[in-house]
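start_12.cif follows (mmCIF, C-alpha atoms):
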```
data_structure
loop_
_atom_site.label_atom_id
_atom_site.label_comp_id
_atom_site.auth_asym_id
_atom_site.auth_seq_id
_atom_site.Cartn_x
_atom_site.Cartn_y
_atom_site.Cartn_z
CA MET A 90 -122.87 147.12 5.89
CA HIS A 91 -120.15 144.98 4.42
CA SER A 92 -117.46 144.81 1.79
CA ARG A 93 -120.00 145.64 -0.92
CA SER A 94 -122.90 147.25 0.93
CA LEU A 95 -120.63 149.48 2.99
CA THR A 96 -118.99 150.79 -0.16
CA VAL A 97 -122.41 151.83 -1.36
CA LEU A 98 -123.95 152.51 2.04
CA LEU A 99 -121.23 154.64 3.56
CA THR A 100 -118.84 155.71 0.82
CA LEU A 101 -121.48 156.52 -1.79
CA GLY A 102 -124.25 157.28 0.69
CA LEU A 103 -126.46 154.19 1.14
CA ALA A 104 -125.84 153.09 4.34
CA LEU A 105 -130.95 147.65 5.85
CA GLY A 106 -150.69 138.11 14.33
CA VAL A 107 -152.59 140.65 12.24
CA VAL A 108 -150.23 143.10 10.76
CA ALA A 109 -150.65 146.22 8.70
CA ALA A 110 -147.56 145.45 6.65
CA PRO A 111 -148.20 144.31 3.04
CA PRO A 112 -149.40 140.67 2.93
CA ALA A 113 -147.09 137.85 1.92
CA ARG A 114 -148.92 137.18 -1.34
CA ALA A 115 -148.28 140.75 -2.42
CA ALA A 116 -144.58 140.06 -2.08
CA THR A 117 -144.71 137.78 -5.10
CA ALA A 118 -144.41 140.88 -7.28
CA ALA A 119 -141.35 141.08 -9.48
CA LEU A 120 -138.21 141.53 -7.46
CA ASP A 121 -137.15 144.45 -9.63
CA GLN A 122 -140.10 146.52 -8.37
CA PRO A 123 -139.56 148.50 -5.15
CA ALA A 124 -141.95 147.68 -2.31
CA PRO A 125 -144.71 150.22 -1.64
CA GLY A 126 -144.37 152.18 1.57
CA PRO A 127 -143.34 155.53 3.04
CA TRP A 128 -139.73 154.91 1.97
CA ALA A 129 -139.99 156.91 -1.25
CA LEU A 130 -136.37 157.93 -1.73
CA GLU A 131 -133.23 156.28 -3.01
CA HIS A 132 -131.10 155.05 -0.09
CA ASP A 133 -134.08 154.57 2.26
CA ALA A 134 -133.35 151.30 4.07
CA SER A 135 -133.97 148.95 7.01
CA PRO A 136 -137.74 149.17 7.63
CA ALA A 137 -138.47 148.00 11.19
CA PHE A 138 -142.14 147.56 12.13
CA THR A 139 -143.96 147.69 15.44
CA PRO A 140 -145.73 144.37 16.21
CA ASP A 141 -149.10 145.50 14.85
CA GLY A 142 -147.54 146.94 11.71
CA SER A 143 -149.00 150.38 12.40
CA THR A 144 -145.64 152.14 12.65
CA VAL A 145 -142.43 151.71 10.69
CA ILE A 146 -138.99 153.07 11.51
CA PHE A 147 -136.36 153.25 8.77
CA ALA A 148 -133.14 155.00 7.80
CA ARG A 149 -132.82 157.78 5.25
CA GLY A 150 -129.84 159.72 3.94
CA HIS A 151 -126.36 159.38 2.51
CA GLY A 152 -123.35 158.20 4.49
CA ILE A 153 -122.83 160.29 7.61
CA THR A 154 -126.06 162.22 6.91
CA ARG A 155 -128.18 159.14 7.62
CA ARG A 156 -130.95 159.57 10.17
CA VAL A 157 -133.81 157.46 11.51
CA LEU A 158 -137.38 158.35 10.48
CA VAL A 159 -140.82 157.23 11.69
CA ALA A 160 -144.09 156.87 9.76
CA SER A 161 -147.52 155.63 10.86
CA ARG A 162 -150.45 154.01 9.10
CA GLU A 163 -153.13 156.41 7.88
CA GLY A 164 -156.01 154.56 6.27
CA SER A 165 -154.63 152.57 3.37
CA GLY A 166 -151.42 154.61 3.26
CA TRP A 167 -148.76 156.10 5.48
CA SER A 168 -148.10 159.42 7.12
CA ALA A 169 -145.24 161.54 5.88
CA PRO A 170 -142.03 160.25 7.54
CA GLN A 171 -140.79 162.42 10.40
CA PRO A 172 -137.40 162.39 12.17
CA ALA A 173 -137.39 160.06 15.16
CA PRO A 174 -137.07 162.12 18.36
CA PHE A 175 -133.94 160.20 19.34
CA SER A 176 -132.18 160.69 15.99
CA GLY A 177 -130.58 163.74 14.50
CA GLY A 178 -128.15 166.44 15.42
CA ASP A 179 -124.56 165.76 14.53
CA TRP A 180 -124.77 161.96 14.57
CA MET A 181 -125.15 159.34 11.87
CA ASP A 182 -128.00 156.99 12.86
CA LEU A 183 -129.00 153.96 10.82
CA GLU A 184 -130.08 150.30 10.73
CA PRO A 185 -133.01 150.34 13.20
CA ALA A 186 -134.16 146.93 14.47
CA MET A 187 -137.34 146.56 16.53
CA ALA A 188 -137.72 144.09 19.39
CA PRO A 189 -140.47 141.59 18.48
CA ASP A 190 -142.69 142.82 21.33
CA GLY A 191 -142.17 146.45 20.33
CA SER A 192 -140.82 147.47 23.74
CA PHE A 193 -137.51 148.78 22.45
CA LEU A 194 -135.51 149.45 19.32
CA ILE A 195 -131.79 149.05 18.69
CA PHE A 196 -130.02 151.19 16.11
CA VAL A 197 -126.49 151.99 14.98
CA SER A 198 -124.93 155.37 15.64
CA ASN A 199 -121.54 157.01 15.34
CA ARG A 200 -122.26 159.13 18.44
CA PRO A 201 -119.65 158.87 21.20
CA SER A 202 -120.30 157.01 24.45
CA GLY A 203 -120.31 160.30 26.36
CA ALA A 204 -120.71 163.97 25.63
CA PRO A 205 -118.95 165.99 24.56
CA GLY A 206 -117.16 163.89 21.99
CA LYS A 207 -116.53 163.39 18.32
CA PRO A 208 -118.15 160.85 15.98
CA LEU A 209 -116.72 157.36 16.12
CA ASP A 210 -114.26 156.32 13.43
CA GLY A 211 -114.71 152.95 11.75
CA ASN A 212 -112.21 150.39 10.52
CA TYR A 213 -113.30 147.46 8.37
CA GLU A 214 -112.23 145.60 5.26
CA GLY A 215 -108.75 147.00 5.84
CA GLN A 216 -109.85 150.61 5.49
CA PHE A 217 -110.03 153.44 8.01
CA GLN A 218 -113.40 155.22 7.89
CA PRO A 219 -113.25 158.60 9.66
CA GLY A 220 -116.52 159.49 11.34
CA ARG A 221 -118.24 156.37 10.02
CA GLY A 222 -117.87 154.06 12.96
CA GLY A 223 -120.80 152.54 14.77
CA ASN A 224 -121.99 151.26 18.12
CA LEU A 225 -125.36 149.78 19.06
CA TRP A 226 -127.81 151.94 21.02
CA ARG A 227 -131.10 150.96 22.61
CA VAL A 228 -134.16 153.20 22.99
CA ALA A 229 -137.32 152.25 24.88
CA HIS A 230 -140.68 152.40 23.11
CA THR A 231 -143.91 152.78 25.09
CA ALA A 232 -147.44 154.05 24.53
CA LYS A 233 -146.11 157.47 25.53
CA GLY A 234 -143.41 157.49 22.87
CA TRP A 235 -139.66 157.02 22.72
CA GLY A 236 -137.16 157.14 25.54
CA ALA A 237 -133.59 158.44 25.56
CA PRO A 238 -130.98 156.34 23.70
CA GLN A 239 -128.78 154.16 25.89
CA ARG A 240 -125.53 152.70 24.59
CA LEU A 241 -125.35 148.93 24.86
CA PRO A 242 -122.56 147.75 27.18
CA GLY A 243 -118.95 147.23 26.17
CA THR A 244 -119.65 143.50 26.08
CA ILE A 245 -121.22 144.18 22.69
CA ASN A 246 -119.68 147.55 21.79
CA ALA A 247 -116.11 146.35 22.26
CA GLY A 248 -114.93 148.24 19.18
CA SER A 249 -116.02 151.13 16.99
CA SER A 250 -117.24 149.09 14.01
CA VAL A 251 -120.32 147.31 15.36
CA TYR A 252 -123.31 147.33 13.02
CA ALA A 253 -126.48 145.62 11.78
CA PRO A 254 -128.46 144.63 14.88
CA ALA A 255 -131.23 142.03 14.88
CA VAL A 256 -133.28 141.39 18.02
CA ALA A 257 -134.77 138.08 19.17
CA ALA A 258 -137.83 137.66 21.41
CA ASP A 259 -135.65 136.99 24.46
CA ALA A 260 -133.79 140.29 23.81
CA SER A 261 -130.66 138.52 22.54
CA VAL A 262 -128.90 140.57 19.86
CA TYR A 263 -127.31 139.43 16.62
CA PHE A 264 -124.93 141.86 14.91
CA MET A 265 -121.84 142.12 12.74
CA GLN A 266 -118.33 143.33 13.34
CA PRO A 267 -115.00 142.81 11.56
CA ASP A 268 -113.09 139.60 12.13
CA PRO A 269 -109.84 140.53 13.92
CA GLN A 270 -107.75 138.44 11.53
CA THR A 271 -109.31 138.95 8.10
CA GLY A 272 -111.10 142.28 8.57
CA HIS A 273 -114.19 140.78 6.90
CA PHE A 274 -117.51 141.14 8.64
CA ARG A 275 -118.72 138.18 10.71
CA LEU A 276 -122.04 137.55 12.41
CA TYR A 277 -122.11 137.44 16.22
CA LEU A 278 -124.68 136.66 18.89
CA SER A 279 -124.84 138.15 22.37
CA ARG A 280 -127.42 136.27 24.44
CA PHE A 281 -129.44 138.18 27.00
CA ALA A 282 -129.53 136.18 30.23
CA GLY A 283 -129.74 137.09 33.89
CA GLY A 284 -130.62 140.66 33.00
CA ARG A 285 -127.43 141.31 31.03
CA TYR A 286 -125.84 140.75 27.67
CA GLN A 287 -123.39 137.87 27.56
CA ALA A 288 -120.03 137.80 25.78
CA PRO A 289 -120.67 137.66 22.02
CA ARG A 290 -119.81 134.53 20.07
CA ALA A 291 -119.37 134.28 16.32
CA LEU A 292 -121.99 132.15 14.61
CA PRO A 293 -120.37 128.85 13.61
CA PHE A 294 -121.14 129.17 9.90
CA SER A 295 -119.65 132.68 9.77
CA SER A 296 -115.90 132.09 9.72
CA GLY A 297 -114.62 135.46 8.51
CA ARG A 298 -113.06 133.89 5.43
CA LEU A 299 -115.79 135.57 3.40
CA ALA A 300 -117.86 138.47 4.67
CA ASP A 301 -121.31 137.82 6.20
CA TYR A 302 -123.46 140.78 7.14
CA ASP A 303 -126.87 142.34 7.80
CA PRO A 304 -128.68 139.61 9.77
CA ALA A 305 -132.43 139.38 10.37
CA VAL A 306 -133.54 136.74 12.85
CA ALA A 307 -136.87 135.07 13.59
CA PRO A 308 -138.15 136.02 17.07
CA ASP A 309 -137.81 132.40 18.24
CA GLN A 310 -134.38 132.20 16.58
CA SER A 311 -135.53 129.28 14.43
CA PHE A 312 -133.91 130.84 11.37
CA ILE A 313 -131.62 133.68 10.39
CA VAL A 314 -131.44 135.58 7.10
CA PHE A 315 -128.29 137.44 6.09
CA SER A 316 -126.29 138.72 3.14
CA SER A 317 -122.89 137.36 2.23
CA ASP A 318 -119.97 137.46 -0.18
CA ARG A 319 -120.14 133.66 -0.53
CA PRO A 320 -121.30 132.23 -3.88
CA PRO A 321 -123.51 132.94 -5.78
CA SER A 322 -122.68 136.55 -4.88
CA THR A 323 -120.72 138.51 -7.45
CA ASP A 324 -118.59 141.65 -7.37
CA THR A 325 -121.75 143.71 -7.88
CA SER A 326 -124.39 141.76 -5.94
CA SER A 327 -124.80 140.28 -2.47
CA ALA A 328 -126.84 137.09 -2.30
CA ILE A 329 -129.25 136.70 0.61
CA PHE A 330 -129.00 133.42 2.56
CA ILE A 331 -131.03 131.58 5.18
CA ALA A 332 -129.88 129.14 7.88
CA PHE A 333 -132.02 127.15 10.31
CA ALA A 334 -131.44 126.44 13.98
CA ARG A 335 -130.82 122.76 14.70
CA ALA A 336 -132.78 121.04 17.44
CA GLY A 337 -129.59 119.93 19.18
CA GLY A 338 -127.90 123.29 18.84
CA GLY A 339 -125.98 125.03 16.07
CA TRP A 340 -127.12 125.96 12.59
CA SER A 341 -127.74 124.33 9.25
CA THR A 342 -125.55 125.11 6.26
CA PRO A 343 -126.76 128.44 4.80
CA VAL A 344 -128.57 128.28 1.46
CA PRO A 345 -129.39 131.16 -0.90
CA LEU A 346 -132.97 132.45 -0.84
CA GLY A 347 -132.89 133.75 -4.39
CA PRO A 348 -132.81 137.56 -4.22
CA SER A 349 -129.72 139.67 -3.78
CA GLY A 350 -129.53 142.67 -1.50
CA THR A 351 -128.59 144.02 1.92
CA GLU A 352 -130.09 145.32 5.19
CA SER A 353 -132.81 142.66 5.46
CA ARG A 354 -135.77 143.11 7.80
CA LEU A 355 -138.73 140.82 8.58
CA SER A 356 -142.35 141.90 8.59
CA PRO A 357 -144.08 141.46 11.96
CA ASP A 358 -145.70 138.18 10.82
CA ARG A 359 -142.41 136.95 9.29
CA ALA A 360 -144.22 136.43 5.97
CA THR A 361 -142.30 139.11 4.07
CA LEU A 362 -138.60 139.91 3.87
CA TYR A 363 -137.69 143.52 3.12
CA PHE A 364 -134.23 144.36 1.78
CA SER A 365 -132.29 146.99 -0.14
CA GLY A 366 -131.81 146.09 -3.79
CA ALA A 367 -129.16 147.06 -6.30
CA ASP A 368 -131.17 150.18 -7.15
CA LYS A 369 -130.72 151.36 -3.53
CA ARG A 370 -134.45 151.07 -2.86
CA ILE A 371 -136.44 148.83 -0.54
CA HIS A 372 -137.78 145.61 -2.07
CA ARG A 373 -139.71 142.65 -0.66
CA PHE A 374 -139.63 138.88 -0.98
CA ALA A 375 -142.37 136.36 -0.13
CA LEU A 376 -140.49 134.54 2.61
CA ALA A 377 -143.54 132.59 3.83
CA ASP A 378 -144.07 131.21 0.35
CA TRP A 379 -140.42 130.17 0.14
CA LEU A 380 -140.55 128.50 3.55
CA GLY A 381 -143.70 126.66 2.53
CA HIS A 382 -141.83 125.04 -0.33
CA HIS A 383 -138.51 124.40 1.41
CA ALA A 384 -138.20 122.25 4.48
CA ALA A 385 -135.70 123.31 7.12
CA ARG A 386 -132.39 121.63 6.37
CA PRO A 387 -130.55 119.64 9.05
#
```
Just give me the structure as structure tokens.
Amino acid sequence: MHSRSLTVLLTLGLALGVVAAPPARAATAALDQPAPGPWALEHDASPAFTPDGSTVIFARGHGITRRVLVASREGSGWSAPQPAPFSGGDWMDLEPAMAPDGSFLIFVSNRPSGAPGKPLDGNYEGQFQPGRGGNLWRVAHTAKGWGAPQRLPGTINAGSSVYAPAVAADASVYFMQPDPQTGHFRLYLSRFAGGRYQAPRALPFSSGRLADYDPAVAPDQSFIVFSSDRPPSTDTSSAIFIAFARAGGGWSTPVPLGPSGTESRLSPDRATLYFSGADKRIHRFALADWLGHHAARP
């Protein structure tokens, strides 16, 4: 969600080991071809896999009708997607992000913090968005199924326009929210320490001067992928960037990966990057191949 992707995602309806996900080499297919998978419809987005790749959770729908679906591996294909038991009713649910160990999932919802209540309103890029706000919610995932959604604390959900979660192996959460001065989306990190989420801090390369959005982070936080309005993005495309964690702390200067799109997600083995393309369908990029030819920049 951002100055471009939110216009499409919310206003027009788009909202973002051994694995069973498609192998990295397969991701060398032309970028203009949608990735194969159970996400068969326009506006399907944000595929989040369980660690073994046997289950995928993704968003489907238009604007406030978006809901979270689940599909499982069946032989060489996938089962028909079904509504996730924690998603539906009167609420807009989107942008699922799986914890690397598969023990929980975080998603965005416009549901209120308590019932009864009305959907959250959003405010970003200088525009009021009735009913299209978002907070981050966490739902446990076990062998028995899914738990009940729990709203993340006000440390993270300090406003009503919090979107695009990405979860690290230590349970720290990356996300985006509007910069209080510019209104552009910035990337933030809330570290999980001592059994609680710490006060979020903006990532140093994300100043709010230009919008940054839709992060996907490596489990060890060695790199982060995100979309941005910074060059070479245009008025109709959002370039995808990568930045690397520095050994002494901080991040390298972000560089473009090549493709343009939004709502990035990593495959369980980090070999493939999934993202929503300009055609509003899910595409893939051979991230492992790119990393093999590009050394991490200081």
Using all atoms listed in the file, which of A:Gly338, A:Pro357, A:Pro185, A:Gly215 sits nearest Thr271 in chain A?
A:Gly215
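Those residues returned by the PyMOL selection byres ((chain A and resi 248) around 10) for this file are A:Leu209, A:Asp210, A:Gly211, A:Asn212, A:Gly222, A:Gly223, A:Asn224, A:Gly243, A:Thr244, A:Ile245, A:Asn246, A:Ala247, A:Ser249, A:Ser250, A:Val251, A:Gln266, A:Pro267.
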Would you list the contacts of range 320-329 of chain A as a list of chain:residue names, taking every protein, DNA or RNA residue within 6 Å and counting all atoms listed in the file, but skipping same-chain residues closer than 6 positions in sequence?
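Surrounding residues, per the criterion: A:Pro345, A:Leu346, A:Ser349, A:Gly350.
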Proximity to Leu276 in chain A - best of A:Thr361, A:Ser176, A:Asn199, A:Ser316, all atoms listed in the file:
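So, comparing all the options, the nearest one is A:Ser316.
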Which residue of A:Leu380, A:Asp303, A:Ala232, A:Leu158 approaches Glu352 in chain A most closely, using only C-alpha atoms:
A:Asp303
Can you list what the PyMOL selection byres ((chain A and resi 230) around 9) grabs from this structure, as a ChimeraX atom specification?
/A:191-194,228-229,231-236
Can you list, as a PyMOL selection string, the residues that the PyMOL selection byres ((chain A and resi 168) around 12) selects here?
chain A and resi 126-129+143-146+158-167+169-171
